[in-house]
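Notes follow the structure.
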Amino acid sequence: MSVLRSYLSGSWQEGGGEGAPLRDAVTGEEVARISTEGLDRSAALEYGRRVGGPALRELTFHQRAALLKALASHLREHREELYALSARTGATLGDSRFDVDGGFGTLFAFSSKGRREMPNDTVYVDGAVEPLGKGGTFVAQHICTPLHGVAVQINAFNFPVWGPLEKLAPAFLAGMPSLVKPAEQTAYLTARLVELIVESGILPEGSVQLLTGEAGDLLDHVTEQDVVAFTGSADTAARLRVHPAVVRHAVRFNAEADSLNVSILGPDAAPGTPEFDLYVKQLVTEMTVKAGQKCTAIRRALVPADRMEDVAEAVRARLAKVTVGNPANPDVRMGALATLEQREEVRRSLKGLLDAGTILFGDPAHVDVVDADAERGAFLSPILLRADDPARAEPHEIEAFGPVSTLIPYEGAEQAVELAARGRGSLAGSVVSADPGFVRTVVVGAAPWHGRLLVLNGTDAKESTGHGSPLPMLVHGGPGRAGGGEEMGGVRGVLHHMQRTAVQADPAMLTAITGRWVPGAGRTVTTDHPFRKHLEDLRVGDTVVAGPRRVTLEDVEHFAEFTGDTFYAHMDEEAAAANPFFDGRVAHGYLVLSFAAGLFVDPDPGPVLANYGLENLRFLTPVYPGDEMTATLTAKQLIPREGADHGEVRWDVDVTNQKGESVAKYDLLTLVAKRA
Ligand code: NDP
């Protein structure tokens, strides 16, 4: 059996010696061997910083996003092969889809976020310009730029595909290369994934490396510019967090660790309600998907004390229908745990849980399986426990990382909140109820201890993705025992790999640095109207000043009749004057906007394709009949879309009156054609 290869410093390398065997979770056969003897981890980190980082930083966010999408499409063509390897980890086809397709979905989601929420540039502008001086010559802007190190990822065994892709996507989009270190038990699946990535040639060389085997001295070599993202047990997280190099260099360390997640049944959810059925179904799903080896799985099922019997009976009935066995058999609903050692670990944890509870379903020592040998494969029955004393510590502290959950009674929303918090920090929780009062108390009370909370009921059940599904746009982390991190969701996760810097400068300098026109920077009034310019010919700062136009009482009345907006402030002199903000009738804000457009547009067919909205609109000074309006339109930001024949242009619009006061300010968003 060959030793799994690592991809380090630009080449595939095999660790020395015979290596340790990795076994098929279902049959116990050897799948591969693993060894990291003699591999140079320090050189690999240096290679990522020297080769991968610069190659990524040359690309804009949109170009990186396009590569993530291309990669996801490529990997999708190989999913059958990945499913087949995934089955060897004990996963059913449904489990594999969760891991494999979930991973691809994460790449697609980050690609889409990158194109929609980030600029087609290498600098990310964070937040608004902050004025620092009264005269407007000294302002500040926060910008984010990628760290120059390597995003080191240390993963758990249970998601060998989704785990690395969940971390790779935000790091890559930020412009940071990754070094993937899978957990040993299922490293053969991650190794094949990385082989597919490298063989595709889609990502720049050096942007992804793979270390199959133990981390060894890897963390000794991390520096200030590296990031470490860990997924695994809280114990390992606690050790790695205080690794001397991590501490000395203040390395960003994000942990997603184990978590005793709760699901709370609302008191309104009596048997026969949709919520009762949803609760029971969800609990059984969470116990059996990936054989309960999901960091977000429900470990503690909080149930109103007077509903314990009903819930116990309904869950037992459902669990009795779960067929355990070889995932290759289509009737099998639950496969094996990842390894025999993992099964022993779960049995040990069960012993602890049984000090405070009793078994309602399942036998830790025996399970009937189909098409497999129950002892050679890491099979375990789903186990439902009951702990009648909610004050006991065990169910709130012991995580059996397998198909195990405990029913715990509670009385009232306050106690539910208190018990939820006894997990000391969780990734995901859920409350199943249609009672808004109960839900609000529980969500607000439990939120400080949770990364994510699902409110499930008859209204959202059909579309709900379920208690524990990872959603790339939402944070995936949690306080305390869950790791203390919350960075992987959406652009938030991307920014975790970037340094935020406050740049204090004059407006023209900020414009030069960020590529966005900042009020107070120079404007260029060109002979050609900016609406006559294609995207490539426009420059940030290109301006048209149009007006003045006098606003008359007839205009206001005409607009009121024409649109039907006869609000008193425009139509009733006396009532308008009584309004503390006005001295008499005022023009409609929408009239001001319409007249502004009438002033600055160039009407002939040309490269401007569409107006797709306004942002940051504020009416600052009332416009009275007789006032004269001038509109100043300035190109603020140009966003060419990769692979499209047009891009987006954001314009700064400042509408002023005859005294030079701003009456309205906003950003106008348009689509503008590129040259043919
Ligand atoms: P471990 O903490 O044992 O291992 C996790 C990873 O850490 C593995 O890659 C392991 O490598 C590595 N590791 C262990 N020791 C060191 C070290 N000294 N230096 C560097 N790396 C090290 O967790 P498990 O693999 O047993 O995973 C199960 C646990 O993970 C459960 O408790 C579960 O709750 C949690 N988990 C959390 C998730 C989350 O998103 N929050 C997701 C999935 C699981 P090696 O394999 O080489 O030892």
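Chain labels follow the order of the structure tokens: the first chain is A, the next B, and so on; residue numbering restarts at 1 in every chain, and ligands are counted from 1 in their shown order.
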
* To do: Enumerate as a PyMOL selection string the residues within 6 Å of ligand 1, counting only C-alpha atoms and all ligand atoms.
  => chain A and resi 154-158+182-184+213-215+231-233+236+256-259+294-295+401+482

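For A:Phe595, the set of protein, DNA and RNA residues having any atom at most 12 Å away, when counting only C-alpha atoms and skipping those fewer than 5 positions along the same chain, is Ala546, Gly547, Pro548, Arg549, Arg550, Val551, Thr552, Asp555, Val556, Phe559, Ala587, His588, Gly589, Tyr590, Phe600, Val601, Val623, Glu628, Met629, Thr630, Ala631, Val655, Thr656 and Ala664 of chain A.
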
Take the residues from that selection and put them in a file with N, CA and C atoms, as a tab-separated table (two decimals), in the first residue's frame.
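Below is the file that was written, part09.tsv:
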```tsv
chain	number	residue	atom	x	y	z
A	546	ALA	N	-24.16	70.65	-14.00
A	546	ALA	CA	-25.30	71.02	-14.84
A	546	ALA	C	-26.27	71.90	-14.07
A	547	GLY	N	-26.80	72.91	-14.73
A	547	GLY	CA	-27.75	73.82	-14.09
A	547	GLY	C	-27.28	75.25	-14.28
A	548	PRO	N	-27.84	76.18	-13.58
A	548	PRO	CA	-28.91	75.98	-12.60
A	548	PRO	C	-30.30	75.86	-13.26
A	549	ARG	N	-31.21	75.33	-12.50
A	549	ARG	CA	-32.61	75.29	-12.90
A	549	ARG	C	-33.44	75.85	-11.75
A	550	ARG	N	-34.32	76.73	-12.11
A	550	ARG	CA	-35.17	77.36	-11.08
A	550	ARG	C	-36.37	76.45	-10.83
A	551	VAL	N	-36.72	76.27	-9.57
A	551	VAL	CA	-37.88	75.45	-9.21
A	551	VAL	C	-39.04	76.39	-8.89
A	552	THR	N	-40.17	76.21	-9.57
A	552	THR	CA	-41.30	77.13	-9.36
A	552	THR	C	-42.43	76.43	-8.60
A	555	ASP	N	-44.16	74.06	-10.79
A	555	ASP	CA	-43.47	72.76	-10.89
A	555	ASP	C	-43.93	71.84	-9.76
A	556	VAL	N	-43.99	72.40	-8.55
A	556	VAL	CA	-44.34	71.59	-7.37
A	556	VAL	C	-45.78	71.10	-7.52
A	559	PHE	N	-46.09	68.50	-10.29
A	559	PHE	CA	-45.53	67.21	-9.84
A	559	PHE	C	-46.50	66.50	-8.90
A	587	ALA	N	-40.46	71.81	-2.24
A	587	ALA	CA	-40.50	70.87	-3.38
A	587	ALA	C	-40.37	69.45	-2.86
A	588	HIS	N	-40.97	68.49	-3.57
A	588	HIS	CA	-40.83	67.08	-3.22
A	588	HIS	C	-39.36	66.67	-3.38
A	589	GLY	N	-38.91	65.80	-2.49
A	589	GLY	CA	-37.56	65.25	-2.66
A	589	GLY	C	-37.42	64.56	-4.01
A	590	TYR	N	-38.48	63.86	-4.42
A	590	TYR	CA	-38.40	63.12	-5.69
A	590	TYR	C	-38.40	64.07	-6.89
A	600	PHE	N	-28.41	66.45	-15.43
A	600	PHE	CA	-27.09	65.84	-15.75
A	600	PHE	C	-27.10	64.79	-16.85
A	601	VAL	N	-28.26	64.24	-17.25
A	601	VAL	CA	-28.18	63.17	-18.25
A	601	VAL	C	-27.82	63.72	-19.62
A	623	VAL	N	-35.96	72.58	-0.43
A	623	VAL	CA	-35.95	73.39	-1.65
A	623	VAL	C	-37.29	74.11	-1.73
A	628	GLU	N	-32.76	77.80	-6.91
A	628	GLU	CA	-32.11	77.37	-8.15
A	628	GLU	C	-31.20	76.18	-7.85
A	629	MET	N	-31.41	75.10	-8.58
A	629	MET	CA	-30.66	73.86	-8.31
A	629	MET	C	-29.56	73.64	-9.34
A	630	THR	N	-28.41	73.17	-8.82
A	630	THR	CA	-27.31	72.75	-9.71
A	630	THR	C	-26.96	71.31	-9.33
A	631	ALA	N	-26.74	70.46	-10.35
A	631	ALA	CA	-26.37	69.06	-10.06
A	631	ALA	C	-24.94	68.81	-10.51
A	655	VAL	N	-26.45	67.78	-5.22
A	655	VAL	CA	-27.38	68.79	-5.73
A	655	VAL	C	-27.31	69.97	-4.76
A	656	THR	N	-27.01	71.15	-5.32
A	656	THR	CA	-26.84	72.33	-4.45
A	656	THR	C	-27.86	73.41	-4.83
A	664	ALA	N	-29.33	67.77	-1.70
A	664	ALA	CA	-29.43	66.30	-1.75
A	664	ALA	C	-28.08	65.73	-2.15
```

* Asked: Distance atom CA of A:Gly10-atom CA of A:Arg49, one decimal place?
  -> 12.4 Å

* **Who sits within 6 Å of stretch 106-117 of chain A, only C-alpha atoms, same chain under 4 positions skipped, as a VMD selection string** => chain A and resid 62 65 68 to 69 72 169 472

Output N, CA and C atoms for every residue in that selection, as a PDB file, in the first residue's frame.
```pdb
ATOM      1  N   HIS A  62     -12.221  39.997  -8.160  1.00  0.00           N
ATOM      2  CA  HIS A  62     -13.108  39.370  -9.147  1.00  0.00           C
ATOM      3  C   HIS A  62     -12.391  38.267  -9.914  1.00  0.00           C
ATOM      4  N   ALA A  65     -12.263  35.367  -7.670  1.00  0.00           N
ATOM      5  CA  ALA A  65     -13.615  34.782  -7.578  1.00  0.00           C
ATOM      6  C   ALA A  65     -13.896  33.915  -8.805  1.00  0.00           C
ATOM      7  N   LEU A  68     -12.222  30.576  -8.406  1.00  0.00           N
ATOM      8  CA  LEU A  68     -12.930  29.688  -7.462  1.00  0.00           C
ATOM      9  C   LEU A  68     -14.114  29.016  -8.159  1.00  0.00           C
ATOM     10  N   LYS A  69     -14.795  29.783  -8.991  1.00  0.00           N
ATOM     11  CA  LYS A  69     -15.951  29.226  -9.694  1.00  0.00           C
ATOM     12  C   LYS A  69     -15.488  28.154 -10.689  1.00  0.00           C
ATOM     13  N   ALA A  72     -14.645  25.051  -8.774  1.00  0.00           N
ATOM     14  CA  ALA A  72     -15.824  24.317  -8.313  1.00  0.00           C
ATOM     15  C   ALA A  72     -16.443  23.525  -9.467  1.00  0.00           C
ATOM     16  N   ALA A 169     -11.621  28.820   0.486  1.00  0.00           N
ATOM     17  CA  ALA A 169     -12.351  29.822  -0.309  1.00  0.00           C
ATOM     18  C   ALA A 169     -12.134  31.248   0.218  1.00  0.00           C
ATOM     19  N   PRO A 472     -22.326  29.065   3.837  1.00  0.00           N
ATOM     20  CA  PRO A 472     -21.113  29.861   3.638  1.00  0.00           C
ATOM     21  C   PRO A 472     -21.312  31.354   3.839  1.00  0.00           C
TER      22      PRO A 472
END
```

* To do: Assign secondary structure with DSSP using the backbone only, and return the residues of stretch 266-412 of chain A in alpha helix (DSSP H) as a ChimeraX atom specification.
  => /A:274-288,308-319,340-354,394-397

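By chain and then residue number, the residues within 9 Å of A:His450 are Asn261, Ala421, Gly425, Ser426, Leu427, Ala428, Gly429, Ala446, Ala447, Pro448, Arg452, Leu453, Gly477, Gly478, Pro479 and Ala482 of chain A, counting only C-alpha atoms and disregarding those fewer than 2 positions away in sequence.
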
Any chance you could export the current selection's N, CA and C atoms as a PDB file, in the first residue's frame?
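That gives us result-v5.pdb:
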```pdb
ATOM      1  N   ASN A 261     -24.320  21.276  21.308  1.00  0.00           N
ATOM      2  CA  ASN A 261     -25.411  22.067  20.744  1.00  0.00           C
ATOM      3  C   ASN A 261     -26.775  21.664  21.293  1.00  0.00           C
ATOM      4  N   ALA A 421     -26.953  27.761  27.963  1.00  0.00           N
ATOM      5  CA  ALA A 421     -25.658  28.389  28.258  1.00  0.00           C
ATOM      6  C   ALA A 421     -24.690  27.426  28.939  1.00  0.00           C
ATOM      7  N   GLY A 425     -20.775  27.682  25.307  1.00  0.00           N
ATOM      8  CA  GLY A 425     -20.461  28.177  23.959  1.00  0.00           C
ATOM      9  C   GLY A 425     -20.722  27.125  22.913  1.00  0.00           C
ATOM     10  N   SER A 426     -21.561  27.455  21.933  1.00  0.00           N
ATOM     11  CA  SER A 426     -21.942  26.475  20.915  1.00  0.00           C
ATOM     12  C   SER A 426     -21.875  27.085  19.525  1.00  0.00           C
ATOM     13  N   LEU A 427     -21.703  26.186  18.553  1.00  0.00           N
ATOM     14  CA  LEU A 427     -21.697  26.617  17.156  1.00  0.00           C
ATOM     15  C   LEU A 427     -23.106  26.924  16.686  1.00  0.00           C
ATOM     16  N   ALA A 428     -24.017  25.987  16.979  1.00  0.00           N
ATOM     17  CA  ALA A 428     -25.358  26.091  16.415  1.00  0.00           C
ATOM     18  C   ALA A 428     -26.376  25.636  17.446  1.00  0.00           C
ATOM     19  N   GLY A 429     -27.498  26.315  17.485  1.00  0.00           N
ATOM     20  CA  GLY A 429     -28.597  25.893  18.335  1.00  0.00           C
ATOM     21  C   GLY A 429     -29.881  26.064  17.555  1.00  0.00           C
ATOM     22  N   ALA A 446     -30.153  33.176  24.623  1.00  0.00           N
ATOM     23  CA  ALA A 446     -29.134  32.173  24.269  1.00  0.00           C
ATOM     24  C   ALA A 446     -28.100  32.715  23.288  1.00  0.00           C
ATOM     25  N   ALA A 447     -28.415  33.818  22.590  1.00  0.00           N
ATOM     26  CA  ALA A 447     -27.521  34.324  21.538  1.00  0.00           C
ATOM     27  C   ALA A 447     -26.080  34.557  22.007  1.00  0.00           C
ATOM     28  N   PRO A 448     -25.843  35.118  23.211  1.00  0.00           N
ATOM     29  CA  PRO A 448     -24.449  35.354  23.597  1.00  0.00           C
ATOM     30  C   PRO A 448     -23.603  34.084  23.644  1.00  0.00           C
ATOM     31  N   ARG A 452     -24.708  30.521  15.872  1.00  0.00           N
ATOM     32  CA  ARG A 452     -25.836  30.503  14.936  1.00  0.00           C
ATOM     33  C   ARG A 452     -27.052  29.934  15.642  1.00  0.00           C
ATOM     34  N   LEU A 453     -28.238  30.497  15.389  1.00  0.00           N
ATOM     35  CA  LEU A 453     -29.480  29.985  15.972  1.00  0.00           C
ATOM     36  C   LEU A 453     -30.532  29.834  14.883  1.00  0.00           C
ATOM     37  N   GLY A 477     -18.948  29.533  13.687  1.00  0.00           N
ATOM     38  CA  GLY A 477     -18.042  29.546  14.826  1.00  0.00           C
ATOM     39  C   GLY A 477     -18.898  29.781  16.036  1.00  0.00           C
ATOM     40  N   GLY A 478     -18.280  30.124  17.128  1.00  0.00           N
ATOM     41  CA  GLY A 478     -19.065  30.375  18.315  1.00  0.00           C
ATOM     42  C   GLY A 478     -18.141  30.667  19.471  1.00  0.00           C
ATOM     43  N   PRO A 479     -18.704  31.169  20.563  1.00  0.00           N
ATOM     44  CA  PRO A 479     -17.883  31.543  21.704  1.00  0.00           C
ATOM     45  C   PRO A 479     -17.410  30.325  22.497  1.00  0.00           C
ATOM     46  N   ALA A 482     -16.837  26.372  21.786  1.00  0.00           N
ATOM     47  CA  ALA A 482     -16.947  26.193  20.333  1.00  0.00           C
ATOM     48  C   ALA A 482     -15.733  26.757  19.602  1.00  0.00           C
TER      49      ALA A 482
END
```

* Would you mind listing what lies within 9 Å of stretch 521-538 of chain A as a PyMOL selection string, with only C-alpha atoms counted and same-chain residues fewer than 2 positions away left out? => chain A and resi 137+506-511+517-519+540-545+601-608+634-635+638-640+646-649+672-675

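The shell of residues at most 7 Å from stretch 342-347 of chain A, with only C-alpha atoms counted and near chain neighbours (fewer than 5 positions) removed, consists of Leu337, Pro364, Ala378, Ala400, Phe401 and Gly402 of chain A.
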
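Every protein, DNA or RNA residue with an atom at most 6 Å from A:Ser405, where only C-alpha atoms count and chain neighbours fewer than 6 positions away do not, is listed here: A:Arg299, A:Arg300, A:Leu384.
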
* Write down as a list of chain:residue names the residues of stretch 296-384 of chain A whose backbone DSSP state falls under strand (DSSP E). => A:Ile298, A:Arg299, A:Arg300, A:Ala301, A:Leu302, A:Val303, A:Pro304, A:Thr358, A:Ile359, A:Leu360, A:Phe361, A:Ile383, A:Leu384

Write out, as a compact mmCIF listing (two decimals), in the first residue's frame, the residues just selected, with C-alpha atoms.
```txt
# COMPACT_ATOMS: atom_id res chain seq x y z
CA ILE A 298 -27.73 18.19 18.46
CA ARG A 299 -26.26 16.73 21.65
CA ARG A 300 -28.80 18.18 24.09
CA ALA A 301 -32.50 18.05 23.29
CA LEU A 302 -34.32 20.37 25.72
CA VAL A 303 -37.96 19.44 26.07
CA PRO A 304 -40.74 20.91 28.29
CA THR A 358 -30.52 6.24 31.12
CA ILE A 359 -30.74 4.77 27.66
CA LEU A 360 -34.06 5.16 25.84
CA PHE A 361 -32.90 3.67 22.56
CA ILE A 383 -28.22 6.07 21.18
CA LEU A 384 -30.93 8.23 22.73
```

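For the atom pair formed by atom CA of A:Glu554 and atom CA of A:Asn611, the distance is 27.9 Å, given to one decimal.
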
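Considering the residues A:Lys351, A:Arg23, A:Lys134, A:Arg500 and counting only C-alpha atoms, A:Ile398 has its shortest atom-to-atom contact with A:Lys351.
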
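Across A:Tyr124, A:Tyr188, A:Phe138, A:Trp449, the tightest approach to A:Thr60 is made by A:Tyr124 when counting only C-alpha atoms.
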